[in-house]
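The file entry.pdb contains PDB, C-alpha atoms, pLDDT in the B column:
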```pdb
ATOM      1  CA  MET A   1      59.874  90.919 111.403  1.00 87.00           C
ATOM      2  CA  SER A   2      62.043  91.588 108.345  1.00 92.00           C
ATOM      3  CA  GLU A   3      63.007  95.102 107.270  1.00 95.00           C
ATOM      4  CA  ARG A   4      61.069  94.536 104.043  1.00 94.00           C
ATOM      5  CA  LYS A   5      57.880  93.717 105.932  1.00 96.00           C
ATOM      6  CA  LYS A   6      58.344  96.682 108.320  1.00 96.00           C
ATOM      7  CA  LEU A   7      58.771  99.102 105.420  1.00 97.00           C
ATOM      8  CA  LEU A   8      55.771  97.646 103.598  1.00 96.00           C
ATOM      9  CA  MET A   9      53.611  97.949 106.722  1.00 97.00           C
ATOM     10  CA  ARG A  10      54.677 101.602 107.193  1.00 98.00           C
ATOM     11  CA  LEU A  11      53.796 102.289 103.563  1.00 97.00           C
ATOM     12  CA  GLN A  12      50.400 100.614 103.899  1.00 97.00           C
ATOM     13  CA  ALA A  13      49.573 102.514 107.094  1.00 98.00           C
ATOM     14  CA  THR A  14      50.586 105.822 105.522  1.00 98.00           C
ATOM     15  CA  GLN A  15      48.557 105.136 102.378  1.00 97.00           C
ATOM     16  CA  PHE A  16      45.564 104.177 104.537  1.00 98.00           C
ATOM     17  CA  ALA A  17      45.803 107.436 106.501  1.00 98.00           C
ATOM     18  CA  ALA A  18      46.034 109.447 103.264  1.00 97.00           C
ATOM     19  CA  TRP A  19      42.998 107.646 101.829  1.00 97.00           C
ATOM     20  CA  GLU A  20      40.930 108.206 104.975  1.00 97.00           C
ATOM     21  CA  LEU A  21      41.814 111.909 104.935  1.00 97.00           C
ATOM     22  CA  HIS A  22      40.934 112.038 101.233  1.00 96.00           C
ATOM     23  CA  MET A  23      37.458 110.680 101.997  1.00 96.00           C
ATOM     24  CA  PHE A  24      37.058 113.076 104.952  1.00 96.00           C
ATOM     25  CA  LEU A  25      37.948 115.980 102.672  1.00 95.00           C
ATOM     26  CA  ASP A  26      35.137 114.971 100.305  1.00 94.00           C
ATOM     27  CA  THR A  27      32.703 116.189 102.953  1.00 94.00           C
ATOM     28  CA  HIS A  28      34.919 118.776 104.671  1.00 94.00           C
ATOM     29  CA  PRO A  29      36.869 120.445 101.836  1.00 92.00           C
ATOM     30  CA  CYS A  30      37.656 123.604 103.811  1.00 94.00           C
ATOM     31  CA  ASP A  31      39.281 121.864 106.780  1.00 96.00           C
ATOM     32  CA  ARG A  32      42.816 123.270 106.649  1.00 97.00           C
ATOM     33  CA  THR A  33      44.233 120.866 109.219  1.00 97.00           C
ATOM     34  CA  ALA A  34      42.916 117.863 107.297  1.00 97.00           C
ATOM     35  CA  ASN A  35      44.294 119.284 104.042  1.00 97.00           C
ATOM     36  CA  GLU A  36      47.739 119.717 105.599  1.00 98.00           C
ATOM     37  CA  MET A  37      47.649 116.214 107.060  1.00 98.00           C
ATOM     38  CA  PHE A  38      46.544 114.800 103.697  1.00 97.00           C
ATOM     39  CA  ARG A  39      49.487 116.467 101.943  1.00 97.00           C
ATOM     40  CA  LYS A  40      51.866 115.240 104.652  1.00 98.00           C
ATOM     41  CA  TYR A  41      50.692 111.621 104.422  1.00 98.00           C
ATOM     42  CA  THR A  42      50.600 111.692 100.616  1.00 97.00           C
ATOM     43  CA  ASP A  43      54.174 112.983 100.454  1.00 97.00           C
ATOM     44  CA  GLU A  44      55.332 110.444 103.029  1.00 98.00           C
ATOM     45  CA  ALA A  45      53.627 107.602 101.139  1.00 97.00           C
ATOM     46  CA  LYS A  46      55.365 108.626  97.906  1.00 96.00           C
ATOM     47  CA  MET A  47      58.709 108.708  99.700  1.00 97.00           C
ATOM     48  CA  LEU A  48      58.156 105.308 101.322  1.00 97.00           C
ATOM     49  CA  LYS A  49      57.020 103.775  98.021  1.00 95.00           C
ATOM     50  CA  THR A  50      60.145 105.080  96.288  1.00 94.00           C
ATOM     51  CA  GLU A  51      62.336 103.717  99.102  1.00 95.00           C
ATOM     52  CA  PHE A  52      60.621 100.321  99.015  1.00 94.00           C
ATOM     53  CA  GLU A  53      60.899 100.028  95.234  1.00 92.00           C
ATOM     54  CA  LYS A  54      64.592 100.964  95.259  1.00 92.00           C
ATOM     55  CA  LYS A  55      65.297  98.221  97.791  1.00 92.00           C
ATOM     56  CA  TYR A  56      62.848  95.483  96.779  1.00 89.00           C
ATOM     57  CA  GLY A  57      61.548  96.188  93.273  1.00 87.00           C
ATOM     58  CA  PRO A  58      58.299  97.583  91.886  1.00 87.00           C
ATOM     59  CA  LEU A  59      55.052  97.235  93.828  1.00 86.00           C
ATOM     60  CA  THR A  60      52.763  97.591  90.823  1.00 80.00           C
ATOM     61  CA  VAL A  61      52.987  97.144  87.084  1.00 74.00           C
ATOM     62  CA  SER A  62      52.928 100.903  86.576  1.00 70.00           C
ATOM     63  CA  SER A  63      55.782 101.415  89.054  1.00 68.00           C
ATOM     64  CA  SER A  64      58.448 100.391  86.579  1.00 60.00           C
ATOM     65  CA  TYR A  65      58.867 101.687  83.058  1.00 58.00           C
ATOM     66  CA  GLU A  66      61.566  99.204  82.231  1.00 61.00           C
ATOM     67  CA  ALA A  67      61.174  95.473  82.044  1.00 61.00           C
ATOM     68  CA  SER A  68      64.254  94.657  84.147  1.00 62.00           C
ATOM     69  CA  TRP A  69      62.701  91.312  85.025  1.00 61.00           C
ATOM     70  CA  LEU A  70      63.377  90.285  81.411  1.00 67.00           C
ATOM     71  CA  ASN A  71      67.104  90.430  82.145  1.00 69.00           C
ATOM     72  CA  ASP A  72      66.849  88.118  85.146  1.00 68.00           C
ATOM     73  CA  PRO A  73      67.194  84.375  84.701  1.00 70.00           C
ATOM     74  CA  TRP A  74      63.919  82.650  83.937  1.00 69.00           C
ATOM     75  CA  PRO A  75      62.950  79.777  86.274  1.00 66.00           C
ATOM     76  CA  TRP A  76      64.155  77.112  83.822  1.00 72.00           C
ATOM     77  CA  GLU A  77      67.501  78.881  83.354  1.00 73.00           C
ATOM     78  CA  HIS A  78      68.696  78.378  86.942  1.00 64.00           C
ATOM     79  CA  GLN A  79      71.696  76.108  87.376  1.00 66.00           C
ATOM     80  CA  GLY A  80      72.346  73.884  90.360  1.00 60.00           C
ATOM     81  CA  SER A  81      70.249  72.276  93.037  1.00 54.00           C
ATOM     82  CA  CYS A  82      66.698  73.110  93.983  1.00 53.00           C
ATOM     83  CA  ASP A  83      67.340  73.771  97.693  1.00 49.00           C
TER      84      ASP A  83
END
```

Show this structure as structure tokens.
Amino acid sequence: MSERKKLLMRLQATQFAAWELHMFLDTHPCDRTANEMFRKYTDEAKMLKTEFEKKYGPLTVSSSYEASWLNDPWPWEHQGSCD
């Protein structure tokens, strides 16, 4: 498995855990342990998302405020063979 895929899977698992804790806290808002875990997973997910985007580019449209993709060659601007 590539490093990109491993990092993406870690991010997805962390976001899933944060979401599940978020839903649990809807019905158990005073659970201190769940609140601490939610903060931990939310912080970790933010860190992993930042790491992923630094290495591999934005995950969502709102992740990037600059249109760096406009500076890249467009598909019809590539020179050379198609392999």

In Å to one decimal, how far is CA of Leu7 (chain A) from CA of Thr60 (chain A)?
->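 For CA of Thr60 (chain A) relative to CA of Leu7 (chain A), the distance reads 15.9 Å.
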
Box centre and edge lengths (Å, one decimal), axis-aligned, region 39-57 of chain A plus 6 Å each side, as JSON:
```
{"center_x": 57.4, "center_y": 106.0, "center_z": 99.0, "size_x": 27.8, "size_y": 33.0, "size_z": 23.4}
```

Would you mind telling me which residue in A:Glu44, A:Asp31, A:Glu77, A:Glu36 lies nearest to Gln12 (chain A) when using all atoms listed in the file?
-> A:Glu44

Of the candidates A:Ala13, A:Met37, A:Met23, A:Leu8, which one gets nearest to Gly57 (chain A) if we count only C-alpha atoms?
-> A:Leu8

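The nearest approach to Arg10 (chain A) among the residues A:His28, A:Lys55, A:Tyr41, A:Ser62, with only C-alpha atoms taken into account, belongs to A:Tyr41.
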
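Counting from CA of Ala18 (chain A), the distance to CA of Phe38 (chain A) is 5.4 Å.
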
How many Å separate CA of Leu48 (chain A) from CA of Thr14 (chain A)?
->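 That distance, rounded to one decimal, is 8.7 Å.
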
Taking N, CA and C atoms as the atom set, what does region 38-61 of chain A look like once completed, written as a PDB file, in the coordinates of the input?
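Heads up, here's the output in part_30.pdb:
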```
ATOM      1  N   PHE A  38      46.641 115.571 104.929  1.00 97.00           N
ATOM      2  CA  PHE A  38      46.544 114.800 103.697  1.00 97.00           C
ATOM      3  C   PHE A  38      47.807 114.972 102.858  1.00 97.00           C
ATOM      4  N   ARG A  39      48.254 116.209 102.704  1.00 97.00           N
ATOM      5  CA  ARG A  39      49.487 116.467 101.943  1.00 97.00           C
ATOM      6  C   ARG A  39      50.686 115.786 102.597  1.00 97.00           C
ATOM      7  N   LYS A  40      50.756 115.857 103.922  1.00 98.00           N
ATOM      8  CA  LYS A  40      51.866 115.240 104.652  1.00 98.00           C
ATOM      9  C   LYS A  40      51.892 113.726 104.427  1.00 98.00           C
ATOM     10  N   TYR A  41      50.742 113.075 104.593  1.00 98.00           N
ATOM     11  CA  TYR A  41      50.692 111.621 104.422  1.00 98.00           C
ATOM     12  C   TYR A  41      50.903 111.207 102.968  1.00 98.00           C
ATOM     13  N   THR A  42      50.400 111.998 102.029  1.00 97.00           N
ATOM     14  CA  THR A  42      50.600 111.692 100.616  1.00 97.00           C
ATOM     15  C   THR A  42      52.078 111.784 100.258  1.00 97.00           C
ATOM     16  N   ASP A  43      52.738 112.831 100.717  1.00 97.00           N
ATOM     17  CA  ASP A  43      54.174 112.983 100.454  1.00 97.00           C
ATOM     18  C   ASP A  43      54.977 111.859 101.096  1.00 97.00           C
ATOM     19  N   GLU A  44      54.625 111.519 102.335  1.00 98.00           N
ATOM     20  CA  GLU A  44      55.332 110.444 103.029  1.00 98.00           C
ATOM     21  C   GLU A  44      55.125 109.105 102.321  1.00 98.00           C
ATOM     22  N   ALA A  45      53.904 108.853 101.850  1.00 97.00           N
ATOM     23  CA  ALA A  45      53.627 107.602 101.139  1.00 97.00           C
ATOM     24  C   ALA A  45      54.436 107.514  99.851  1.00 97.00           C
ATOM     25  N   LYS A  46      54.557 108.617  99.129  1.00 96.00           N
ATOM     26  CA  LYS A  46      55.365 108.626  97.906  1.00 96.00           C
ATOM     27  C   LYS A  46      56.824 108.320  98.227  1.00 96.00           C
ATOM     28  N   MET A  47      57.329 108.930  99.293  1.00 97.00           N
ATOM     29  CA  MET A  47      58.709 108.708  99.700  1.00 97.00           C
ATOM     30  C   MET A  47      58.936 107.244 100.101  1.00 97.00           C
ATOM     31  N   LEU A  48      58.018 106.692 100.882  1.00 97.00           N
ATOM     32  CA  LEU A  48      58.156 105.308 101.322  1.00 97.00           C
ATOM     33  C   LEU A  48      58.050 104.340 100.139  1.00 97.00           C
ATOM     34  N   LYS A  49      57.165 104.628  99.196  1.00 95.00           N
ATOM     35  CA  LYS A  49      57.020 103.775  98.021  1.00 95.00           C
ATOM     36  C   LYS A  49      58.313 103.792  97.208  1.00 95.00           C
ATOM     37  N   THR A  50      58.884 104.964  97.019  1.00 94.00           N
ATOM     38  CA  THR A  50      60.145 105.080  96.288  1.00 94.00           C
ATOM     39  C   THR A  50      61.245 104.296  96.996  1.00 94.00           C
ATOM     40  N   GLU A  51      61.328 104.448  98.321  1.00 95.00           N
ATOM     41  CA  GLU A  51      62.336 103.717  99.102  1.00 95.00           C
ATOM     42  C   GLU A  51      62.138 102.216  98.970  1.00 95.00           C
ATOM     43  N   PHE A  52      60.899 101.757  99.106  1.00 94.00           N
ATOM     44  CA  PHE A  52      60.621 100.321  99.015  1.00 94.00           C
ATOM     45  C   PHE A  52      61.010  99.792  97.641  1.00 94.00           C
ATOM     46  N   GLU A  53      60.626 100.506  96.584  1.00 92.00           N
ATOM     47  CA  GLU A  53      60.899 100.028  95.234  1.00 92.00           C
ATOM     48  C   GLU A  53      62.386 100.039  94.901  1.00 92.00           C
ATOM     49  N   LYS A  54      63.139 100.968  95.470  1.00 92.00           N
ATOM     50  CA  LYS A  54      64.592 100.964  95.259  1.00 92.00           C
ATOM     51  C   LYS A  54      65.223  99.731  95.890  1.00 92.00           C
ATOM     52  N   LYS A  55      64.715  99.350  97.066  1.00 92.00           N
ATOM     53  CA  LYS A  55      65.297  98.221  97.791  1.00 92.00           C
ATOM     54  C   LYS A  55      64.776  96.874  97.308  1.00 92.00           C
ATOM     55  N   TYR A  56      63.472  96.787  96.985  1.00 89.00           N
ATOM     56  CA  TYR A  56      62.848  95.483  96.779  1.00 89.00           C
ATOM     57  C   TYR A  56      62.157  95.301  95.429  1.00 89.00           C
ATOM     58  N   GLY A  57      62.177  96.312  94.585  1.00 87.00           N
ATOM     59  CA  GLY A  57      61.548  96.188  93.273  1.00 87.00           C
ATOM     60  C   GLY A  57      60.168  96.823  93.245  1.00 87.00           C
ATOM     61  N   PRO A  58      59.580  96.891  92.055  1.00 87.00           N
ATOM     62  CA  PRO A  58      58.299  97.583  91.886  1.00 87.00           C
ATOM     63  C   PRO A  58      57.155  96.908  92.633  1.00 87.00           C
ATOM     64  N   LEU A  59      56.240  97.734  93.134  1.00 86.00           N
ATOM     65  CA  LEU A  59      55.052  97.235  93.828  1.00 86.00           C
ATOM     66  C   LEU A  59      53.899  96.977  92.868  1.00 86.00           C
ATOM     67  N   THR A  60      53.845  97.738  91.795  1.00 80.00           N
ATOM     68  CA  THR A  60      52.763  97.591  90.823  1.00 80.00           C
ATOM     69  C   THR A  60      53.350  97.572  89.425  1.00 80.00           C
ATOM     70  N   VAL A  61      52.545  97.184  88.470  1.00 74.00           N
ATOM     71  CA  VAL A  61      52.987  97.144  87.084  1.00 74.00           C
ATOM     72  C   VAL A  61      53.384  98.535  86.616  1.00 74.00           C
TER      73      VAL A  61
END
```
